[in-house]
file entry21.txt (compact mmCIF, C-alpha atoms)
# COMPACT_ATOMS: atom_id res chain seq x y z
CA MET A 1 15.41 -56.86 15.26
CA ASN A 2 14.90 -53.87 17.51
CA VAL A 3 18.11 -52.38 16.13
CA PHE A 4 16.81 -52.70 12.58
CA ARG A 5 13.55 -51.07 13.60
CA LEU A 6 15.45 -48.19 15.18
CA ILE A 7 17.55 -47.74 12.05
CA ALA A 8 14.45 -47.84 9.85
CA ALA A 9 12.68 -45.35 12.05
CA ALA A 10 15.67 -43.02 12.03
CA THR A 11 15.98 -43.29 8.26
CA CYS A 12 12.29 -42.52 7.83
CA ALA A 13 12.59 -39.51 10.10
CA LEU A 14 15.55 -38.20 8.10
CA LEU A 15 13.67 -38.63 4.83
CA LEU A 16 10.63 -36.80 6.21
CA ALA A 17 12.84 -34.00 7.48
CA ALA A 18 14.50 -33.73 4.08
CA CYS A 19 11.12 -33.56 2.37
CA ALA A 20 9.98 -30.88 4.77
CA THR A 21 13.01 -28.69 4.03
CA THR A 22 13.28 -29.32 0.28
CA PRO A 23 12.02 -26.25 -1.61
CA ALA A 24 9.08 -26.67 -3.95
CA LEU A 25 9.88 -27.23 -7.60
CA LYS A 26 10.05 -24.00 -9.58
CA HIS A 27 8.71 -25.55 -12.74
CA ASN A 28 5.70 -27.62 -13.67
CA PRO A 29 6.44 -31.39 -13.71
CA LEU A 30 3.92 -31.76 -16.54
CA ALA A 31 6.17 -29.72 -18.84
CA THR A 32 9.69 -30.03 -20.15
CA TRP A 33 11.82 -27.43 -18.37
CA VAL A 34 13.78 -25.36 -20.92
CA PRO A 35 14.78 -22.30 -18.89
CA SER A 36 15.15 -18.86 -20.43
CA PRO A 37 17.27 -16.13 -18.84
CA ASN A 38 14.80 -13.46 -19.99
CA TYR A 39 12.56 -12.77 -17.01
CA ASN A 40 12.40 -10.87 -13.77
CA ALA A 41 10.46 -11.21 -10.53
CA ARG A 42 7.04 -9.67 -10.19
CA LYS A 43 7.57 -6.42 -8.31
CA ALA A 44 5.62 -3.79 -6.44
CA MET A 45 5.16 -0.42 -8.15
CA LEU A 46 3.07 1.26 -5.46
CA ILE A 47 2.91 1.64 -1.67
CA VAL A 48 -0.55 1.92 -0.11
CA VAL A 49 -0.94 3.37 3.40
CA HIS A 50 -3.89 2.35 5.60
CA TYR A 51 -5.12 2.79 9.13
CA THR A 52 -6.39 -0.26 10.98
CA GLU A 53 -9.49 1.36 12.56
CA GLN A 54 -8.90 -0.91 15.55
CA HIS A 55 -7.77 -0.32 19.10
CA SER A 56 -4.51 -2.18 19.62
CA VAL A 57 -1.60 -3.71 17.76
CA GLN A 58 -2.56 -7.16 18.99
CA GLU A 59 -6.12 -6.79 17.71
CA SER A 60 -4.76 -5.72 14.33
CA LEU A 61 -2.20 -8.54 14.22
CA ASP A 62 -4.99 -11.00 14.92
CA THR A 63 -7.20 -9.53 12.18
CA LEU A 64 -4.41 -9.34 9.61
CA ARG A 65 -3.69 -13.02 10.13
CA SER A 66 -7.34 -14.04 9.97
CA GLN A 67 -10.17 -11.93 8.57
CA ASN A 68 -12.53 -9.03 9.05
CA SER A 69 -16.22 -8.72 8.18
CA GLN A 70 -15.39 -8.78 4.44
CA GLY A 71 -13.24 -11.92 4.61
CA PRO A 72 -9.53 -12.82 4.91
CA VAL A 73 -7.18 -9.82 5.03
CA SER A 74 -3.47 -9.18 5.39
CA ALA A 75 -0.84 -6.52 4.84
CA HIS A 76 2.88 -6.57 4.33
CA TYR A 77 3.58 -4.35 7.35
CA LEU A 78 1.90 -3.02 10.48
CA ILE A 79 3.35 -0.09 12.43
CA GLY A 80 2.35 0.43 16.05
CA ALA A 81 1.77 3.82 17.64
CA ASP A 82 5.10 3.31 19.43
CA GLY A 83 6.86 2.98 16.08
CA HIS A 84 7.46 -0.78 16.21
CA ILE A 85 7.33 -2.33 12.72
CA TYR A 86 5.82 -5.80 12.17
CA GLN A 87 6.04 -7.70 8.88
CA LEU A 88 3.27 -10.17 8.08
CA VAL A 89 3.78 -10.94 4.36
CA ALA A 90 7.02 -11.08 2.37
CA ASP A 91 7.62 -8.11 0.07
CA GLU A 92 7.53 -10.29 -3.05
CA GLU A 93 4.23 -11.92 -2.13
CA ARG A 94 0.71 -10.59 -2.78
CA ALA A 95 -1.03 -9.43 0.41
CA TRP A 96 -4.79 -8.89 0.63
CA HIS A 97 -4.90 -5.30 1.81
CA ALA A 98 -6.32 -3.05 -0.90
CA GLY A 99 -9.19 -4.96 -2.51
CA PRO A 100 -10.81 -3.65 -5.71
CA GLY A 101 -9.47 -0.30 -6.82
CA ARG A 102 -7.36 1.59 -9.31
CA TRP A 103 -4.54 4.10 -9.35
CA GLY A 104 -3.56 5.44 -12.75
CA THR A 105 -2.93 2.42 -14.95
CA ILE A 106 -2.76 0.01 -11.98
CA ALA A 107 -6.07 -1.87 -12.02
CA ASP A 108 -5.26 -4.53 -9.40
CA PRO A 109 -3.58 -2.77 -6.47
CA ASN A 110 -2.98 -5.96 -4.46
CA SER A 111 -0.85 -7.41 -7.26
CA ALA A 112 1.29 -4.30 -7.67
CA SER A 113 1.68 -2.83 -4.21
CA ILE A 114 3.10 -3.03 -0.72
CA GLY A 115 0.45 -2.52 1.98
CA ILE A 116 1.36 -0.69 5.20
CA GLU A 117 -1.18 -0.62 8.03
CA LEU A 118 -0.90 1.99 10.80
CA ASP A 119 -2.30 1.14 14.23
CA ASN A 120 -4.86 3.93 14.51
CA ASP A 121 -8.54 4.02 15.43
CA GLY A 122 -9.44 6.31 12.54
CA VAL A 123 -10.23 9.41 14.62
CA SER A 124 -7.00 10.05 16.55
CA PRO A 125 -3.90 11.90 15.35
CA PHE A 126 -1.05 9.70 14.17
CA ALA A 127 1.77 9.32 16.69
CA THR A 128 5.09 10.99 15.88
CA ALA A 129 7.04 7.78 16.53
CA GLN A 130 4.72 5.95 14.13
CA ILE A 131 5.32 8.41 11.30
CA ASP A 132 9.06 8.36 12.01
CA SER A 133 9.04 4.58 11.52
CA LEU A 134 6.87 4.89 8.42
CA LEU A 135 9.40 7.25 6.87
CA ALA A 136 12.23 4.84 7.68
CA LEU A 137 10.26 1.97 6.13
CA LEU A 138 9.45 4.02 3.02
CA ALA A 139 13.15 4.82 2.61
CA ASP A 140 13.97 1.11 2.77
CA LEU A 141 11.20 -0.05 0.44
CA THR A 142 11.65 2.59 -2.25
CA GLU A 143 15.41 2.05 -2.33
CA ARG A 144 15.49 -1.73 -2.03
CA LEU A 145 12.51 -2.52 -4.26
CA GLY A 146 12.94 0.32 -6.73
CA ILE A 147 9.49 1.81 -6.11
CA PRO A 148 9.30 5.45 -7.24
CA ARG A 149 9.06 7.79 -4.26
CA THR A 150 6.05 9.49 -5.84
CA GLN A 151 4.12 6.22 -5.77
CA VAL A 152 3.02 6.42 -2.13
CA VAL A 153 -0.76 6.81 -1.74
CA GLY A 154 -3.59 6.15 0.68
CA HIS A 155 -6.12 3.34 0.59
CA GLU A 156 -8.86 5.86 -0.14
CA ASP A 157 -6.88 7.19 -3.12
CA VAL A 158 -7.06 3.80 -4.85
CA ALA A 159 -10.56 2.93 -3.61
CA PRO A 160 -12.42 6.23 -3.07
CA THR A 161 -15.88 4.72 -3.30
CA ARG A 162 -15.18 2.23 -0.51
CA LYS A 163 -12.52 3.57 1.83
CA ILE A 164 -11.56 6.74 3.72
CA ASP A 165 -8.24 5.67 5.27
CA PRO A 166 -5.78 7.00 6.18
CA GLY A 167 -8.12 10.01 6.22
CA PRO A 168 -7.78 13.79 6.58
CA LEU A 169 -5.64 13.57 9.75
CA PHE A 170 -2.82 11.74 8.01
CA PRO A 171 0.27 14.00 7.60
CA TRP A 172 0.82 13.77 3.85
CA LYS A 173 2.72 17.07 3.89
CA ARG A 174 5.30 15.61 6.28
CA LEU A 175 5.79 12.65 3.94
CA ALA A 176 6.11 15.04 1.00
CA ASP A 177 8.71 17.11 2.86
CA ALA A 178 10.71 13.88 3.26
CA GLY A 179 10.34 13.16 -0.46
CA TYR A 180 7.45 10.67 -0.55
CA GLY A 181 4.18 10.91 -2.43
CA ARG A 182 3.11 13.82 -4.59
CA TRP A 183 2.60 17.36 -3.35
CA PRO A 184 2.24 20.74 -5.11
CA GLN A 185 5.55 22.61 -5.18
CA GLY A 186 6.05 26.36 -5.17
CA GLU A 187 3.44 29.07 -5.36
CA LEU A 188 -0.03 27.98 -6.40
CA VAL A 189 -1.20 29.92 -9.44
CA THR A 190 -4.47 30.15 -11.32
CA PRO A 191 -4.46 27.72 -14.26
CA PRO A 192 -4.92 29.04 -17.78
CA ALA A 193 -8.27 29.19 -19.51
CA GLY A 194 -9.44 25.78 -20.66
CA PHE A 195 -7.72 23.89 -17.86
CA ASP A 196 -9.71 20.69 -17.22
CA ALA A 197 -9.53 19.98 -13.50
CA TRP A 198 -11.25 16.60 -13.80
CA ALA A 199 -8.79 15.45 -16.45
CA ALA A 200 -6.00 16.64 -14.15
CA LEU A 201 -7.45 14.62 -11.26
CA ALA A 202 -7.36 11.54 -13.48
CA GLN A 203 -3.82 12.40 -14.56
CA VAL A 204 -2.73 12.45 -10.90
CA GLY A 205 -4.09 8.90 -10.60
CA TYR A 206 -7.68 9.06 -9.35
CA ALA A 207 -10.39 6.97 -11.00
CA LEU A 208 -13.38 9.08 -12.00
CA ASP A 209 -16.10 6.43 -11.90
CA ASP A 210 -17.53 8.35 -8.93
CA ARG A 211 -16.31 11.94 -9.14
CA GLU A 212 -17.69 12.95 -5.76
CA ALA A 213 -15.85 10.10 -4.03
CA ALA A 214 -12.62 10.85 -5.92
CA LEU A 215 -12.81 14.51 -4.96
CA ARG A 216 -13.42 13.63 -1.30
CA SER A 217 -10.29 11.49 -1.28
CA PHE A 218 -8.34 14.25 -3.03
CA HIS A 219 -9.47 16.73 -0.37
CA HIS A 220 -8.46 14.37 2.45
CA HIS A 221 -5.03 13.88 0.88
CA PHE A 222 -4.12 17.36 -0.32
CA ARG A 223 -6.21 19.69 1.84
CA GLY A 224 -6.98 17.75 5.02
CA ASN A 225 -10.67 18.59 4.88
CA GLU A 226 -14.03 17.11 3.96
CA GLY A 227 -14.95 19.45 1.11
CA ASP A 228 -17.14 17.98 -1.62
CA ALA A 229 -17.03 20.74 -4.26
CA LEU A 230 -14.26 21.38 -6.78
CA ASP A 231 -13.14 24.95 -6.09
CA ASP A 232 -10.44 27.37 -7.20
CA THR A 233 -7.91 26.05 -4.68
CA ASP A 234 -8.40 22.53 -6.02
CA GLN A 235 -7.77 23.81 -9.53
CA ARG A 236 -4.54 25.52 -8.48
CA ILE A 237 -3.32 22.39 -6.65
CA LEU A 238 -4.16 20.16 -9.60
CA TYR A 239 -2.49 22.54 -12.03
CA ALA A 240 0.68 22.45 -9.92
CA LEU A 241 0.62 18.66 -9.63
CA THR A 242 0.23 18.14 -13.36
CA ARG A 243 3.12 20.50 -14.15
CA GLN A 244 5.64 18.72 -11.90
call {"tool": "encode", "arguments": {"input": "entry21.txt", "output": "structure tokens"}}
result
Amino acid sequence: MNVFRLIAAATCALLLAACATTPALKHNPLATWVPSPNYNARKAMLIVVHYTEQHSVQESLDTLRSQNSQGPVSAHYLIGADGHIYQLVADEERAWHAGPGRWGTIADPNSASIGIELDNDGVSPFATAQIDSLLALLADLTERLGIPRTQVVGHEDVAPTRKIDPGPLFPWKRLADAGYGRWPQGELVTPPAGFDAWAALAQVGYALDDREAALRSFHHHFRGNEGDALDDTDQRILYALTRQ
């Protein structure tokens, strides 16, 4: 009898193990499965760069696997100041990193983007090793996932009314020199009469619901300053960006 019990227990354990390792069904059991070959996987079209505004990698790992004051949060990647890259969410899955926002025609950034957090307190310069690793990661993601190299932006670019990261200290020019993001090329010239700078800002990708906030984010990204007025330099930069 004990032998039978042992066999039964072993069989039950094997069945449970099999259930645990069997992948979930890919189709709804309520429907008749008539597969079509005409589909593709949902894919990211944008990469959003953040800073953690925390004080250690471990603190950020804990937060990105739990929540902050606004609720549960995550990101696909976290890069430490020493350049170490951590992955928290699979590339094909939706991470909760961007929240409400918009970039060009993308109205739900979380559903269409890869989120990369940089371990940075928000007031310190970004470490060289960290940016080196970011560039390596951008090379991998844009090549492997087919994301256009121009589609690399900051959190504040997609959510200018709520966020300021990665802020004016982030080295966007270095990324641009490596071929990532958008940056004005060549000599900046005065745009022709009738040039609409606000329309150009929207053409770059910024939402204009709050023009002051959008302009602040633009200044952080393209000028590294806190200016809040649209001036001649802004117009020349925007003219260059819209001609590229």
call {"tool": "closest_residue", "arguments": {"input": "entry21.txt", "among": "A:Asp232, A:Glu143, A:Glu187, A:Asp91", "to": "Asn110 (chain A)", "atoms": "all atoms listed in the file"}}
result
A:Asp91
call {"tool": "closest_residue", "arguments": {"input": "entry21.txt", "among": "A:Arg149, A:His55, A:Arg236, A:Arg162", "to": "Gly179 (chain A)", "atoms": "all atoms listed in the file"}}
result
A:Arg149
call {"tool": "residues_around", "arguments": {"input": "entry21.txt", "residues": "region 72-75 of chain A", "least_positions_apart": "4", "cutoff": "12 Å", "atoms": "all atoms listed in the file", "output": "MDAnalysis selection string"}}
result
chainID A and resid 47:52 60:68 79 86:91 93:99 110 113:118 155
call {"tool": "residues_around", "arguments": {"input": "entry21.txt", "residues": "Ala107 (chain A)", "least_positions_apart": "4", "cutoff": "12 Å", "atoms": "all atoms listed in the file", "output": "count of residues only"}}
result
16
call {"tool": "closest_residue", "arguments": {"input": "entry21.txt", "among": "A:Ala202, A:Val123, A:Leu78, A:Leu188", "to": "Asp165 (chain A)", "atoms": "all atoms listed in the file"}}
result
A:Val123
call {"tool": "residues_around", "arguments": {"input": "entry21.txt", "residues": "Ala199 (chain A)", "least_positions_apart": "6", "cutoff": "12 Å", "atoms": "all atoms listed in the file", "output": "list in words"}}
result
Gly104, Gly205, Tyr206, Ala207, Leu208, Arg211, Gln235, Leu238, Tyr239 and Thr242 of chain A
call {"tool": "closest_residue", "arguments": {"input": "entry21.txt", "among": "A:Gly227, A:Asp210, A:Ala139, A:Ile237", "to": "Trp183 (chain A)", "atoms": "only C-alpha atoms"}}
result
A:Ile237
call {"tool": "closest_residue", "arguments": {"input": "entry21.txt", "among": "A:Tyr77, A:Asp157, A:Thr105, A:Ala200", "to": "Leu138 (chain A)", "atoms": "only C-alpha atoms"}}
result
A:Tyr77
call {"tool": "atom_distance", "arguments": {"input": "entry21.txt", "atom1": "CA of Pro168 (chain A)", "atom2": "CA of Asn225 (chain A)"}}
result
5.9 Å
call {"tool": "build_atoms", "arguments": {"input": "entry21.txt", "residues": "region 157-168 of chain A", "atoms": "all heavy atoms", "output": "mmCIF file, in the coordinates of the input"}}
result
data_model
loop_
_atom_site.group_PDB
_atom_site.id
_atom_site.type_symbol
_atom_site.label_atom_id
_atom_site.label_comp_id
_atom_site.auth_asym_id
_atom_site.auth_seq_id
_atom_site.Cartn_x
_atom_site.Cartn_y
_atom_site.Cartn_z
ATOM 1 N N ASP A 157 -7.242 6.691 -1.789
ATOM 2 C CA ASP A 157 -6.880 7.190 -3.120
ATOM 3 C C ASP A 157 -7.136 6.134 -4.189
ATOM 4 O O ASP A 157 -7.561 6.462 -5.298
ATOM 5 C CB ASP A 157 -5.400 7.595 -3.146
ATOM 6 C CG ASP A 157 -5.109 8.789 -2.259
ATOM 7 O OD1 ASP A 157 -5.914 9.733 -2.256
ATOM 8 O OD2 ASP A 157 -4.080 8.773 -1.554
ATOM 9 N N VAL A 158 -6.872 4.861 -3.855
ATOM 10 C CA VAL A 158 -7.060 3.800 -4.850
ATOM 11 C C VAL A 158 -8.472 3.227 -4.820
ATOM 12 O O VAL A 158 -8.884 2.574 -5.773
ATOM 13 C CB VAL A 158 -6.034 2.654 -4.657
ATOM 14 C CG1 VAL A 158 -4.617 3.192 -4.742
ATOM 15 C CG2 VAL A 158 -6.239 1.909 -3.354
ATOM 16 N N ALA A 159 -9.195 3.465 -3.728
ATOM 17 C CA ALA A 159 -10.560 2.930 -3.610
ATOM 18 C C ALA A 159 -11.488 3.981 -3.006
ATOM 19 O O ALA A 159 -12.053 3.783 -1.922
ATOM 20 C CB ALA A 159 -10.559 1.658 -2.763
ATOM 21 N N PRO A 160 -11.675 5.122 -3.675
ATOM 22 C CA PRO A 160 -12.420 6.230 -3.070
ATOM 23 C C PRO A 160 -13.892 5.960 -2.824
ATOM 24 O O PRO A 160 -14.502 6.621 -1.976
ATOM 25 C CB PRO A 160 -12.230 7.370 -4.079
ATOM 26 C CG PRO A 160 -11.942 6.691 -5.379
ATOM 27 C CD PRO A 160 -11.155 5.464 -5.008
ATOM 28 N N THR A 161 -14.464 5.005 -3.523
ATOM 29 C CA THR A 161 -15.880 4.720 -3.300
ATOM 30 C C THR A 161 -16.115 3.815 -2.098
ATOM 31 O O THR A 161 -17.247 3.682 -1.630
ATOM 32 C CB THR A 161 -16.505 4.049 -4.537
ATOM 33 O OG1 THR A 161 -15.846 2.804 -4.794
ATOM 34 C CG2 THR A 161 -16.390 4.946 -5.762
ATOM 35 N N ARG A 162 -15.021 3.187 -1.602
ATOM 36 C CA ARG A 162 -15.180 2.230 -0.510
ATOM 37 C C ARG A 162 -14.470 2.625 0.783
ATOM 38 O O ARG A 162 -14.889 2.224 1.861
ATOM 39 C CB ARG A 162 -14.642 0.851 -0.928
ATOM 40 C CG ARG A 162 -15.293 0.225 -2.123
ATOM 41 C CD ARG A 162 -14.779 -1.195 -2.362
ATOM 42 N NE ARG A 162 -13.335 -1.262 -2.573
ATOM 43 C CZ ARG A 162 -12.462 -1.737 -1.699
ATOM 44 N NH1 ARG A 162 -12.871 -2.199 -0.535
ATOM 45 N NH2 ARG A 162 -11.159 -1.751 -1.989
ATOM 46 N N LYS A 163 -13.385 3.372 0.682
ATOM 47 C CA LYS A 163 -12.520 3.570 1.830
ATOM 48 C C LYS A 163 -12.257 5.052 2.099
ATOM 49 O O LYS A 163 -12.334 5.893 1.191
ATOM 50 C CB LYS A 163 -11.173 2.862 1.599
ATOM 51 C CG LYS A 163 -11.307 1.347 1.477
ATOM 52 C CD LYS A 163 -11.809 0.732 2.789
ATOM 53 C CE LYS A 163 -11.938 -0.779 2.679
ATOM 54 N NZ LYS A 163 -12.389 -1.379 3.972
ATOM 55 N N ILE A 164 -11.917 5.362 3.358
ATOM 56 C CA ILE A 164 -11.560 6.740 3.720
ATOM 57 C C ILE A 164 -10.216 6.801 4.456
ATOM 58 O O ILE A 164 -9.810 7.857 4.924
ATOM 59 C CB ILE A 164 -12.646 7.398 4.588
ATOM 60 C CG1 ILE A 164 -12.831 6.631 5.908
ATOM 61 C CG2 ILE A 164 -13.953 7.516 3.835
ATOM 62 C CD1 ILE A 164 -13.707 7.359 6.913
ATOM 63 N N ASP A 165 -9.521 5.653 4.561
ATOM 64 C CA ASP A 165 -8.240 5.670 5.270
ATOM 65 C C ASP A 165 -7.080 5.955 4.322
ATOM 66 O O ASP A 165 -7.158 5.589 3.149
ATOM 67 C CB ASP A 165 -8.030 4.336 6.009
ATOM 68 C CG ASP A 165 -7.998 3.121 5.076
ATOM 69 O OD1 ASP A 165 -8.962 2.961 4.299
ATOM 70 O OD2 ASP A 165 -7.036 2.341 5.130
ATOM 71 N N PRO A 166 -6.039 6.614 4.792
ATOM 72 C CA PRO A 166 -5.780 7.000 6.180
ATOM 73 C C PRO A 166 -6.433 8.304 6.618
ATOM 74 O O PRO A 166 -6.167 8.783 7.728
ATOM 75 C CB PRO A 166 -4.256 7.117 6.211
ATOM 76 C CG PRO A 166 -3.888 7.576 4.843
ATOM 77 C CD PRO A 166 -4.858 6.871 3.929
ATOM 78 N N GLY A 167 -7.277 8.907 5.800
ATOM 79 C CA GLY A 167 -8.120 10.010 6.220
ATOM 80 C C GLY A 167 -7.467 11.371 6.270
ATOM 81 O O GLY A 167 -6.266 11.533 6.024
ATOM 82 N N PRO A 168 -8.266 12.401 6.619
ATOM 83 C CA PRO A 168 -7.780 13.790 6.580
ATOM 84 C C PRO A 168 -6.757 14.126 7.660
ATOM 85 O O PRO A 168 -6.088 15.160 7.560
ATOM 86 C CB PRO A 168 -9.059 14.612 6.754
ATOM 87 C CG PRO A 168 -10.017 13.698 7.460
ATOM 88 C CD PRO A 168 -9.708 12.323 6.941
#
